[in-house]
file structure_23.csv (CSV, C-alpha atoms)
chain,number,residue,atom,x,y,z
U,28,MET,CA,-25.3,10.0,-5.9
U,29,SER,CA,-22.5,10.7,-3.5
U,30,ILE,CA,-19.6,8.4,-2.9
U,31,THR,CA,-20.9,7.9,0.7
U,32,ASP,CA,-24.2,6.5,-0.8
U,33,SER,CA,-22.7,4.4,-3.6
U,34,LEU,CA,-19.8,2.9,-1.6
U,35,PRO,CA,-20.9,2.6,2.1
U,36,LEU,CA,-18.2,1.4,4.5
U,37,ARG,CA,-19.5,-0.9,7.2
U,38,GLY,CA,-18.9,0.0,10.8
U,39,VAL,CA,-17.7,-2.2,13.7
U,40,SER,CA,-18.9,-1.4,17.2
U,41,LEU,CA,-16.3,-1.3,19.9
U,42,SER,CA,-18.5,-3.6,22.0
U,43,GLU,CA,-17.8,-6.3,19.3
U,44,ILE,CA,-14.0,-6.2,19.6
U,45,HIS,CA,-13.8,-8.4,22.7
U,46,ALA,CA,-15.3,-11.3,20.6
U,47,PHE,CA,-12.6,-11.1,17.9
U,48,ASP,CA,-9.3,-13.0,17.9
U,49,PRO,CA,-6.3,-10.8,16.9
U,50,PRO,CA,-5.4,-11.2,13.2
U,51,THR,CA,-2.9,-13.8,12.2
U,52,LYS,CA,-1.3,-15.1,9.1
U,53,LYS,CA,-3.9,-16.8,6.9
U,54,ILE,CA,-2.4,-16.8,3.3
U,55,PHE,CA,-0.1,-19.7,2.7
U,56,SER,CA,-0.8,-20.6,-0.9
U,57,GLU,CA,-2.0,-19.3,-4.2
U,58,GLU,CA,-5.4,-20.7,-3.5
U,59,ASP,CA,-5.5,-18.7,-0.2
U,60,ALA,CA,-4.6,-15.5,-2.0
U,61,GLU,CA,-7.4,-16.1,-4.4
U,62,SER,CA,-9.8,-17.0,-1.6
U,63,TRP,CA,-9.0,-13.7,0.1
U,64,ARG,CA,-10.6,-11.8,-2.8
U,65,ASP,CA,-14.0,-13.2,-1.8
U,66,THR,CA,-13.7,-12.1,1.9
U,67,GLN,CA,-15.3,-9.2,3.7
U,68,SER,CA,-11.9,-7.8,4.5
U,69,TYR,CA,-10.9,-7.6,0.8
U,70,GLN,CA,-14.2,-5.9,0.0
U,71,ASP,CA,-13.7,-3.5,2.9
U,72,LEU,CA,-10.2,-2.5,1.7
U,73,ASN,CA,-11.5,-2.1,-1.9
U,74,VAL,CA,-14.3,0.2,-0.8
U,75,PHE,CA,-12.1,2.1,1.5
U,76,LEU,CA,-9.5,2.9,-1.2
U,77,ARG,CA,-12.1,3.9,-3.7
U,78,ARG,CA,-13.7,6.2,-1.2
U,79,LEU,CA,-10.3,7.8,-0.5
U,80,ASN,CA,-9.8,8.1,-4.2
U,81,GLU,CA,-13.1,9.8,-4.8
U,82,ALA,CA,-12.7,12.2,-1.8
U,83,VAL,CA,-9.7,14.0,-3.4
U,84,VAL,CA,-11.1,14.4,-6.9
U,85,GLY,CA,-10.7,18.0,-8.0
U,86,ILE,CA,-8.5,19.0,-5.0
U,87,HIS,CA,-5.2,20.6,-5.6
U,88,MET,CA,-2.2,20.6,-3.2
U,89,PRO,CA,-1.2,22.1,-0.9
U,90,TRP,CA,-4.5,21.6,0.8
U,91,SER,CA,-5.7,21.8,4.4
U,92,SER,CA,-9.1,21.9,5.9
U,93,GLU,CA,-10.0,24.7,8.3
U,94,SER,CA,-10.6,22.4,11.2
U,95,PRO,CA,-9.0,18.9,10.9
U,96,SER,CA,-10.3,16.4,13.5
U,97,GLN,CA,-8.3,15.6,16.6
U,98,ALA,CA,-8.0,12.0,15.2
U,99,ILE,CA,-6.2,13.3,12.1
U,100,LEU,CA,-3.9,15.6,14.1
U,101,SER,CA,-3.0,12.8,16.5
U,102,MET,CA,-2.2,10.5,13.6
U,103,VAL,CA,0.1,13.1,12.0
U,104,ALA,CA,1.8,13.6,15.4
U,105,LEU,CA,2.4,9.9,15.7
U,106,ILE,CA,4.2,9.9,12.3
U,107,ASP,CA,6.1,13.0,13.3
U,108,THR,CA,7.4,11.1,16.4
U,109,LEU,CA,8.6,8.2,14.2
U,110,ASP,CA,10.4,10.7,12.0
U,111,GLU,CA,12.2,12.2,15.0
U,112,TRP,CA,13.5,8.8,15.8
U,113,ILE,CA,15.6,8.9,12.7
U,114,GLU,CA,17.6,11.7,14.2
U,115,ALA,CA,18.1,9.8,17.4
U,116,ILE,CA,19.2,6.6,15.5
U,117,PRO,CA,21.6,7.7,12.8
U,118,PRO,CA,22.9,5.3,10.1
U,119,LEU,CA,25.9,3.2,11.0
U,120,ASP,CA,29.1,3.1,9.0
U,121,SER,CA,28.7,0.0,6.9
U,122,PRO,CA,29.9,-1.1,3.5
U,123,GLN,CA,26.8,-2.7,2.1
U,124,ARG,CA,25.0,-1.0,-0.7
U,125,PHE,CA,21.5,-1.7,0.7
U,126,GLY,CA,20.2,-1.9,4.2
U,127,ASN,CA,21.9,0.0,7.0
U,128,LEU,CA,21.8,-2.0,10.2
U,129,ALA,CA,20.6,1.0,12.1
U,130,PHE,CA,17.2,0.4,10.6
U,131,ARG,CA,16.9,-2.7,12.8
U,132,ASN,CA,17.5,-0.5,15.8
U,133,TRP,CA,14.7,1.9,14.5
U,134,GLY,CA,12.4,-1.1,14.1
U,135,ALA,CA,13.3,-2.5,17.5
U,136,ARG,CA,12.2,0.8,19.1
U,137,LEU,CA,9.0,0.7,17.1
U,138,GLU,CA,8.2,-2.7,18.4
U,139,GLU,CA,9.1,-1.8,22.0
U,140,GLN,CA,7.0,1.4,22.0
U,141,SER,CA,4.2,0.4,19.7
U,142,ASP,CA,1.7,-0.3,22.5
U,143,LEU,CA,2.4,3.1,24.1
U,144,LEU,CA,2.3,4.9,20.8
U,145,LEU,CA,-1.1,3.4,19.9
U,146,ALA,CA,-2.4,4.0,23.4
U,147,ARG,CA,-1.5,7.7,23.0
U,148,LEU,CA,-3.2,7.8,19.6
U,149,LEU,CA,-6.5,6.3,20.7
U,150,PRO,CA,-9.1,7.3,23.3
U,151,ALA,CA,-9.3,5.0,26.4
U,152,GLU,CA,-12.4,3.3,25.1
U,153,TYR,CA,-10.4,2.0,22.1
U,154,SER,CA,-7.8,0.1,24.3
U,155,LEU,CA,-9.1,-3.3,23.2
U,156,LEU,CA,-8.5,-2.3,19.6
U,157,ILE,CA,-4.7,-2.1,20.0
U,158,ALA,CA,-4.0,-5.8,19.7
U,159,HIS,CA,-6.0,-5.9,16.4
U,160,ILE,CA,-4.3,-2.9,14.7
U,161,LYS,CA,-0.8,-3.4,16.0
U,162,PRO,CA,0.2,-6.1,13.4
U,163,TYR,CA,-0.6,-3.7,10.6
U,164,PHE,CA,1.1,-0.8,12.2
U,165,LEU,CA,4.4,-2.7,12.7
U,166,THR,CA,4.5,-3.8,9.1
U,167,SER,CA,3.8,-0.4,7.6
U,168,PHE,CA,7.4,0.9,7.4
U,169,GLY,CA,9.5,-1.9,6.0
U,170,SER,CA,11.1,-5.2,6.9
U,171,PHE,CA,13.4,-4.9,9.8
U,172,VAL,CA,14.8,-8.4,8.9
U,173,ARG,CA,15.6,-7.8,5.2
U,174,MET,CA,15.8,-4.1,5.5
U,175,ASP,CA,13.6,-3.3,2.6
U,176,TYR,CA,10.3,-1.6,1.8
U,177,GLY,CA,7.7,-2.2,-0.9
U,178,THR,CA,4.0,-2.1,-1.8
U,179,GLY,CA,3.1,-4.7,0.8
U,180,HIS,CA,4.2,-2.4,3.6
U,181,GLU,CA,2.2,0.4,2.0
U,182,THR,CA,-0.9,-1.8,1.8
U,183,SER,CA,-0.4,-2.7,5.5
U,184,PHE,CA,-0.6,1.0,6.4
U,185,ALA,CA,-3.8,1.3,4.3
U,186,MET,CA,-5.3,-1.6,6.3
U,187,PHE,CA,-4.2,0.1,9.5
U,188,LEU,CA,-6.1,3.2,8.5
U,189,LEU,CA,-9.0,1.0,7.4
U,190,CYS,CA,-9.3,-0.6,10.8
U,191,LEU,CA,-9.4,2.8,12.5
U,192,THR,CA,-12.1,3.9,10.1
U,193,LEU,CA,-14.2,0.7,10.5
U,194,THR,CA,-14.3,1.4,14.3
U,195,ARG,CA,-15.0,5.1,13.6
U,196,PHE,CA,-11.9,6.5,15.1
U,197,PHE,CA,-11.7,8.2,11.7
U,198,VAL,CA,-15.2,9.2,10.4
U,199,PRO,CA,-16.0,7.9,6.9
U,200,GLU,CA,-17.1,11.3,5.6
U,201,VAL,CA,-15.6,13.2,2.6
U,202,GLU,CA,-13.8,15.8,4.6
U,203,GLU,CA,-12.1,13.3,6.9
U,204,GLU,CA,-11.2,11.0,4.0
U,205,ARG,CA,-9.7,13.9,2.2
U,206,GLU,CA,-7.6,14.5,5.2
U,207,LEU,CA,-6.5,10.9,5.3
U,208,VAL,CA,-5.1,11.2,1.8
U,209,LEU,CA,-3.7,14.7,1.6
U,210,ARG,CA,-2.5,15.1,5.2
U,211,VAL,CA,-2.0,11.6,6.7
U,212,PHE,CA,-0.9,9.6,3.7
U,213,VAL,CA,1.3,12.3,2.3
U,214,ARG,CA,3.0,12.6,5.7
U,215,TYR,CA,3.4,8.8,5.7
U,216,LEU,CA,5.0,8.9,2.2
U,217,ARG,CA,7.5,11.5,3.3
U,218,LEU,CA,8.5,9.4,6.4
U,219,CYS,CA,8.9,6.3,4.2
U,220,TRP,CA,11.1,8.2,1.7
U,221,ARG,CA,13.3,9.4,4.5
U,222,LEU,CA,13.6,5.9,6.0
U,223,GLN,CA,14.5,4.6,2.5
U,224,ASP,CA,17.2,7.3,2.0
U,225,VAL,CA,18.8,7.4,5.5
U,226,TYR,CA,18.8,3.6,6.0
U,227,ARG,CA,19.3,2.7,2.3
U,228,LEU,CA,16.3,0.3,2.2
U,229,GLU,CA,16.2,-2.1,-0.7
U,230,PRO,CA,13.1,-2.1,-2.9
U,231,ALA,CA,11.1,-5.1,-1.8
U,232,GLY,CA,10.2,-7.4,-4.7
U,233,SER,CA,10.9,-4.7,-7.3
U,234,HIS,CA,10.1,-5.6,-10.9
U,235,GLY,CA,12.8,-3.3,-12.1
U,236,VAL,CA,12.2,-1.5,-15.3
U,237,TRP,CA,8.9,-3.3,-15.7
U,238,GLY,CA,7.4,-2.2,-12.4
U,239,LEU,CA,5.3,0.8,-12.0
U,240,ASP,CA,7.4,2.0,-9.0
U,241,ASP,CA,10.0,0.3,-6.9
U,242,SER,CA,8.3,1.0,-3.6
U,243,HIS,CA,4.9,2.6,-3.9
U,244,PHE,CA,1.6,2.3,-5.7
U,245,LEU,CA,-1.4,3.8,-3.9
U,246,GLY,CA,-0.3,7.4,-4.5
U,247,TYR,CA,-0.7,6.9,-8.2
U,248,ILE,CA,-4.3,5.9,-8.0
U,249,PHE,CA,-5.6,8.7,-5.8
U,250,ASP,CA,-7.4,10.7,-8.4
U,251,GLN,CA,-7.0,14.4,-7.5
U,252,ASN,CA,-7.6,16.9,-10.2
U,253,GLU,CA,-7.9,15.4,-13.7
U,254,ILE,CA,-4.2,15.9,-14.3
U,255,GLY,CA,-2.7,15.9,-17.7
U,256,VAL,CA,-0.8,12.6,-17.5
U,257,SER,CA,1.5,13.6,-20.3
U,258,ALA,CA,2.8,16.4,-18.1
U,259,VAL,CA,5.0,13.9,-16.4
U,260,LEU,CA,7.3,13.9,-19.5
U,261,HIS,CA,8.3,17.5,-18.8
U,262,PRO,CA,9.8,17.8,-15.3
U,263,PRO,CA,10.2,19.5,-12.9
U,264,LEU,CA,6.6,19.1,-11.9
U,265,PRO,CA,4.8,21.2,-9.2
U,266,PRO,CA,3.7,19.3,-6.1
U,267,THR,CA,0.1,19.9,-6.8
U,268,ASN,CA,-0.9,16.2,-6.6
U,269,ILE,CA,0.5,13.0,-5.2
U,270,TYR,CA,1.1,11.5,-8.7
U,271,PHE,CA,3.5,14.4,-9.6
U,272,MET,CA,5.2,14.0,-6.2
U,273,LEU,CA,5.9,10.4,-6.9
U,274,ILE,CA,7.2,11.1,-10.3
U,275,MET,CA,9.6,13.7,-8.9
U,276,ARG,CA,10.7,11.2,-6.3
U,277,ILE,CA,11.6,8.8,-9.1
U,278,HIS,CA,13.8,11.5,-10.7
U,279,GLU,CA,15.5,12.0,-7.3
U,280,VAL,CA,16.5,8.4,-6.9
U,281,LYS,CA,17.0,7.3,-10.6
U,282,HIS,CA,19.0,8.7,-13.4
U,283,GLY,CA,18.9,8.3,-17.1
U,284,PRO,CA,16.0,8.6,-19.6
U,285,PHE,CA,12.6,8.4,-18.0
U,286,HIS,CA,11.4,5.9,-20.7
U,287,GLU,CA,14.2,3.5,-19.8
U,288,HIS,CA,14.0,3.4,-16.0
U,289,SER,CA,10.2,3.9,-15.7
U,290,SER,CA,8.8,2.4,-18.9
U,291,GLN,CA,5.3,1.7,-17.4
U,292,LEU,CA,4.8,5.3,-16.4
U,293,TYR,CA,6.2,6.5,-19.6
U,294,SER,CA,3.8,4.3,-21.6
U,295,ILE,CA,0.9,5.6,-19.6
U,296,ALA,CA,1.9,9.2,-20.3
U,297,VAL,CA,2.2,8.8,-24.0
U,298,GLY,CA,-0.6,6.2,-24.6
U,299,VAL,CA,-3.5,6.9,-22.4
U,300,PRO,CA,-5.7,9.9,-23.3
U,301,THR,CA,-7.7,10.5,-20.2
U,302,TRP,CA,-7.1,10.4,-16.4
U,303,ALA,CA,-10.3,8.3,-16.0
U,304,LYS,CA,-8.7,5.5,-18.0
U,305,VAL,CA,-5.5,5.8,-16.1
U,306,ASN,CA,-7.2,5.7,-12.8
U,307,SER,CA,-9.4,2.7,-13.8
U,308,GLY,CA,-6.4,0.8,-15.2
U,309,LEU,CA,-4.2,1.5,-12.2
U,310,PHE,CA,-6.9,0.2,-9.8
U,311,LYS,CA,-7.1,-3.0,-11.7
U,312,MET,CA,-3.3,-3.3,-11.8
U,313,TYR,CA,-3.1,-2.7,-8.1
U,314,GLU,CA,-5.6,-5.5,-7.5
U,315,ALA,CA,-3.6,-7.9,-9.7
U,316,GLU,CA,0.0,-7.0,-9.0
U,317,VAL,CA,-0.3,-6.2,-5.3
U,318,LEU,CA,-3.4,-7.6,-3.7
U,319,GLY,CA,-3.4,-10.6,-6.1
U,320,LYS,CA,0.2,-11.7,-5.4
U,321,ARG,CA,0.7,-14.2,-2.7
U,322,VAL,CA,4.3,-13.1,-2.2
U,323,VAL,CA,3.1,-9.6,-1.4
U,324,VAL,CA,0.0,-10.4,0.8
U,325,GLN,CA,1.1,-13.6,2.5
U,326,HIS,CA,2.4,-11.8,5.6
U,327,ILE,CA,-0.7,-9.5,6.0
U,328,PRO,CA,-2.5,-10.8,9.1
U,329,LEU,CA,-6.2,-11.3,8.7
U,330,GLY,CA,-9.1,-12.4,10.9
U,331,GLY,CA,-11.3,-10.8,13.6
U,332,LEU,CA,-11.8,-7.1,12.7
U,333,LEU,CA,-10.9,-7.9,9.0
U,334,PRO,CA,-12.6,-11.3,8.6
U,335,TRP,CA,-11.0,-14.2,6.8
U,336,CYS,CA,-13.3,-16.3,4.6
U,337,ASP,CA,-16.6,-17.3,6.5
U,338,GLU,CA,-15.3,-16.1,9.8
U,339,SER,CA,-17.6,-15.5,12.7
U,340,PRO,CA,-16.9,-13.6,16.0
U,341,GLY,CA,-14.5,-15.6,18.1
U,342,GLY,CA,-12.2,-16.6,15.3
U,343,THR,CA,-13.9,-19.8,13.8
U,344,THR,CA,-13.6,-20.0,10.1
U,345,GLN,CA,-14.9,-22.1,7.2
U,346,ALA,CA,-12.3,-22.4,4.5
U,347,ARG,CA,-13.2,-22.0,0.9
U,348,THR,CA,-12.9,-25.0,-1.4
U,349,GLU,CA,-13.4,-23.3,-4.8
U,350,PRO,CA,-11.8,-20.1,-6.0
U,351,SER,CA,-14.0,-17.4,-7.4
U,352,GLU,CA,-14.3,-17.5,-11.2
U,353,ASP,CA,-13.6,-13.8,-11.5
U,354,ILE,CA,-10.0,-14.2,-10.1
U,355,VAL,CA,-7.0,-14.1,-12.3
U,356,SER,CA,-5.5,-17.6,-12.6
U,357,SER,CA,-2.2,-18.3,-10.9
U,358,SER,CA,-0.7,-19.2,-14.2
U,359,SER,CA,-1.5,-15.8,-15.7
U,360,MET,CA,-0.4,-14.0,-12.6
U,361,SER,CA,3.0,-15.7,-12.8
U,362,GLN,CA,3.8,-14.5,-16.3
U,363,ALA,CA,6.6,-12.1,-16.8
U,364,PRO,CA,5.3,-8.6,-17.7
U,365,TRP,CA,7.0,-8.7,-21.1
U,366,ALA,CA,5.2,-12.0,-21.9
U,367,GLN,CA,1.8,-10.2,-21.7
U,368,THR,CA,0.2,-7.6,-24.0
U,369,ALA,CA,0.0,-4.1,-22.7
U,370,ALA,CA,-3.8,-4.4,-22.4
U,371,ASN,CA,-3.4,-7.5,-20.2
U,372,ARG,CA,-0.8,-5.9,-18.0
U,373,PHE,CA,-3.1,-2.9,-17.3
U,374,GLY,CA,-6.6,-4.3,-17.8
U,375,TYR,CA,-6.8,-6.9,-15.1
U,376,HIS,CA,-10.0,-8.4,-13.7
U,377,SER,CA,-11.4,-6.4,-10.9
U,378,ILE,CA,-13.9,-7.5,-8.3
U,379,ASN,CA,-16.7,-7.2,-10.9
U,380,PRO,CA,-15.8,-9.6,-13.7
U,381,ASN,CA,-18.3,-7.9,-16.0
U,382,ALA,CA,-16.8,-4.5,-15.7
U,383,PRO,CA,-15.2,-3.3,-19.0
U,384,LEU,CA,-11.5,-3.1,-19.2
U,385,PRO,CA,-9.9,0.3,-19.9
U,386,SER,CA,-9.3,1.0,-23.6
U,387,TRP,CA,-5.5,1.5,-23.7
U,388,SER,CA,-4.4,3.0,-27.0
U,389,THR,CA,-2.1,1.3,-29.5
U,390,GLY,CA,0.5,3.9,-28.6
U,391,LEU,CA,0.9,2.2,-25.2
U,392,GLN,CA,1.5,-1.1,-26.9
U,393,SER,CA,4.1,0.2,-29.3
U,394,THR,CA,6.3,1.5,-26.5
U,395,MET,CA,6.2,-1.6,-24.5
U,396,MET,CA,6.7,-4.5,-26.9
U,397,LEU,CA,10.4,-5.0,-26.2
U,398,PRO,CA,12.3,-4.6,-22.9
U,399,ARG,CA,14.7,-1.6,-22.8
U,400,PRO,CA,18.1,-1.6,-21.1
U,401,ARG,CA,18.0,0.3,-17.8
U,402,THR,CA,20.5,2.9,-16.7
U,403,VAL,CA,20.0,2.4,-13.0
U,404,THR,CA,18.8,-1.0,-11.6
U,405,ALA,CA,17.8,-1.9,-8.1
U,406,PRO,CA,18.4,-5.5,-7.1
U,407,SER,CA,15.2,-7.4,-6.9
U,408,SER,CA,14.3,-9.2,-3.7
U,409,SER,CA,14.0,-12.9,-4.0
U,410,GLN,CA,11.7,-13.0,-1.1
U,411,ASP,CA,8.2,-11.8,-0.6
U,412,SER,CA,7.3,-8.1,-0.4
U,413,MET,CA,6.4,-7.9,3.3
U,414,PRO,CA,7.9,-10.1,6.0
U,415,PRO,CA,6.5,-10.1,9.5
U,416,PRO,CA,8.0,-7.9,12.2
U,417,LEU,CA,10.9,-9.0,14.4
U,418,SER,CA,8.6,-10.4,17.0
U,419,SER,CA,7.2,-12.9,14.5
U,420,MET,CA,10.7,-14.1,13.7
U,421,ARG,CA,11.0,-15.1,17.3
U,422,GLY,CA,8.1,-17.6,17.0
U,423,HIS,CA,5.0,-15.4,17.4
U,424,CYS,CA,2.1,-15.7,15.0
U,425,ARG,CA,3.7,-18.5,13.0
U,426,ASP,CA,1.9,-21.5,11.7
U,427,PRO,CA,4.2,-24.5,12.6
U,428,SER,CA,2.7,-26.6,9.8
U,429,ASP,CA,3.8,-24.1,7.2
U,430,PRO,CA,7.3,-24.9,5.9
U,431,THR,CA,7.7,-21.4,4.5
U,432,GLY,CA,6.4,-19.5,7.5
call {"tool": "encode", "arguments": {"input": "structure_23.csv", "output": "structure tokens"}}
result
Amino acid sequence: MSITDSLPLRGVSLSEIHAFDPPTKKIFSEEDAESWRDTQSYQDLNVFLRRLNEAVVGIHMPWSSESPSQAILSMVALIDTLDEWIEAIPPLDSPQRFGNLAFRNWGARLEEQSDLLLARLLPAEYSLLIAHIKPYFLTSFGSFVRMDYGTGHETSFAMFLLCLTLTRFFVPEVEEERELVLRVFVRYLRLCWRLQDVYRLEPAGSHGVWGLDDSHFLGYIFDQNEIGVSAVLHPPLPPTNIYFMLIMRIHEVKHGPFHEHSSQLYSIAVGVPTWAKVNSGLFKMYEAEVLGKRVVVQHIPLGGLLPWCDESPGGTTQARTEPSEDIVSSSSMSQAPWAQTAANRFGYHSINPNAPLPSWSTGLQSTMMLPRPRTVTAPSSSQDSMPPPLSSMRGHCRDPSDPTG
């Protein structure tokens, strides 16, 4: 059975868009974060990411289809435009270690021109969609307030692509989904790396030595070619898959022994025998450490095209009163990584509570029992991983009853 048959992605007709309210902030508490996992939007995102993952199995980079769609080419051209802005907005002379103030100028231009950029991207009949995808687009490249970037921003970009696929701007077929990963997502990664380097963006909500990566996650779970995971211990690595690209990116920005500054990735390399187990475990880890963390997802707008709880067209909702029993409890989610066993840290509950957890070897546990000193440390953000764009700081899309909003 093909991935298209086993994981169908629903479609949303353009004629339905007028009945939806634009997405707004919905997640204010741990209970809300848990409730999100039972929504249609969460299921859509999960299905979408797994389809992208499956579409690139067995594919080596560099890769390019003979005839990419105009939608794919237009998306890449949009990212190219954003990259060109970096040349036009050079970093300012400033003494701070993280966060060059010029990034706020780059972000201001993004907000000012976002409507025009999206109108150029989409056919005329998609004009009503712009208000529904703009919030995800604006939060895909970092916080212009705190001048940082993290996995919440990366997730926002994935949800931006999801919305365009639900409405069939992108066609949910293997060839197009492969293009979304190997052409669009890779181009997005390179833009984000350049933004991080030029404007010295701080890692948002970094777990330091205990995190998988200071800024990214999705690239690690896109299963491409049954790679030998232990190969990451022997750089330099060829850019034949996104996993290797991300590992080499780490070597560019961090120094010292790999097992010290990237202990999670090191433990996976020495302790997990097959890529299937790595891929399964990383999906569960992404669900728990990114999608399951209120501080990461609280600024992701929901509703309308990506429904919140029992939402009907027009924006009316019925809030949940009981969390799903298959959700990781808030107490377990708040534990420090070193307070959990290696199996717990990688074998989180997925959407299906009856699904078996990956069988991580004892070698993984033995390398992770005690924290190691780190040669290069990045300051952790004390705030959430993805704040709203600048416009929301001026009072837009804010719940006045929420003291943290």
call {"tool": "atom_distance", "arguments": {"input": "structure_23.csv", "atom1": "CA of Met174 in chain U", "atom2": "CA of Ala129 in chain U"}}
result
9.6 Å
call {"tool": "atom_distance", "arguments": {"input": "structure_23.csv", "atom1": "CA of Tyr69 in chain U", "atom2": "CA of Glu314 in chain U"}}
result
10.1 Å
call {"tool": "closest_residue", "arguments": {"input": "structure_23.csv", "among": "U:Gly298, U:Pro117, U:Pro89, U:Pro35", "to": "Ser257 in chain U", "atoms": "all atoms listed in the file"}}
result
U:Gly298
call {"tool": "closest_residue", "arguments": {"input": "structure_23.csv", "among": "U:Ala82, U:Asp142, U:Ile99, U:Thr194", "to": "Leu332 in chain U", "atoms": "only C-alpha atoms"}}
result
U:Thr194
call {"tool": "closest_residue", "arguments": {"input": "structure_23.csv", "among": "U:Met88, U:Val172, U:Val74, U:Val103", "to": "Asn132 in chain U", "atoms": "only C-alpha atoms"}}
result
U:Val172
call {"tool": "residues_around", "arguments": {"input": "structure_23.csv", "residues": "Asp110 in chain U", "least_positions_apart": "6", "cutoff": "9 Å", "atoms": "only C-alpha atoms", "output": "ChimeraX atom specification"}}
result
/U:218,221-222
call {"tool": "residues_around", "arguments": {"input": "structure_23.csv", "residues": "Gly134 in chain U", "least_positions_apart": "5", "cutoff": "10 Å", "atoms": "all atoms listed in the file", "output": "PDB file with C-alpha atoms, in the coordinates of the input"}}
result
ATOM      1  CA  ALA U 129      20.600   1.000  12.100  1.00  0.00           C
ATOM      2  CA  GLU U 139       9.100  -1.800  22.000  1.00  0.00           C
ATOM      3  CA  GLN U 140       7.000   1.400  22.000  1.00  0.00           C
ATOM      4  CA  LEU U 165       4.400  -2.700  12.700  1.00  0.00           C
ATOM      5  CA  THR U 166       4.500  -3.800   9.100  1.00  0.00           C
ATOM      6  CA  PHE U 168       7.400   0.900   7.400  1.00  0.00           C
ATOM      7  CA  GLY U 169       9.500  -1.900   6.000  1.00  0.00           C
ATOM      8  CA  SER U 170      11.100  -5.200   6.900  1.00  0.00           C
ATOM      9  CA  PHE U 171      13.400  -4.900   9.800  1.00  0.00           C
ATOM     10  CA  VAL U 172      14.800  -8.400   8.900  1.00  0.00           C
ATOM     11  CA  MET U 174      15.800  -4.100   5.500  1.00  0.00           C
ATOM     12  CA  PRO U 416       8.000  -7.900  12.200  1.00  0.00           C
ATOM     13  CA  LEU U 417      10.900  -9.000  14.400  1.00  0.00           C
TER      14      LEU U 417
END
call {"tool": "atom_distance", "arguments": {"input": "structure_23.csv", "atom1": "CA of Gly85 in chain U", "atom2": "CA of Phe197 in chain U"}}
result
22.0 Å
call {"tool": "residues_around", "arguments": {"input": "structure_23.csv", "residues": "Ala146 in chain U", "least_positions_apart": "2", "cutoff": "12 Å", "atoms": "all atoms listed in the file", "output": "number ranges by chain"}}
result
U: 101-102, 105, 140-144, 148-158, 160-161
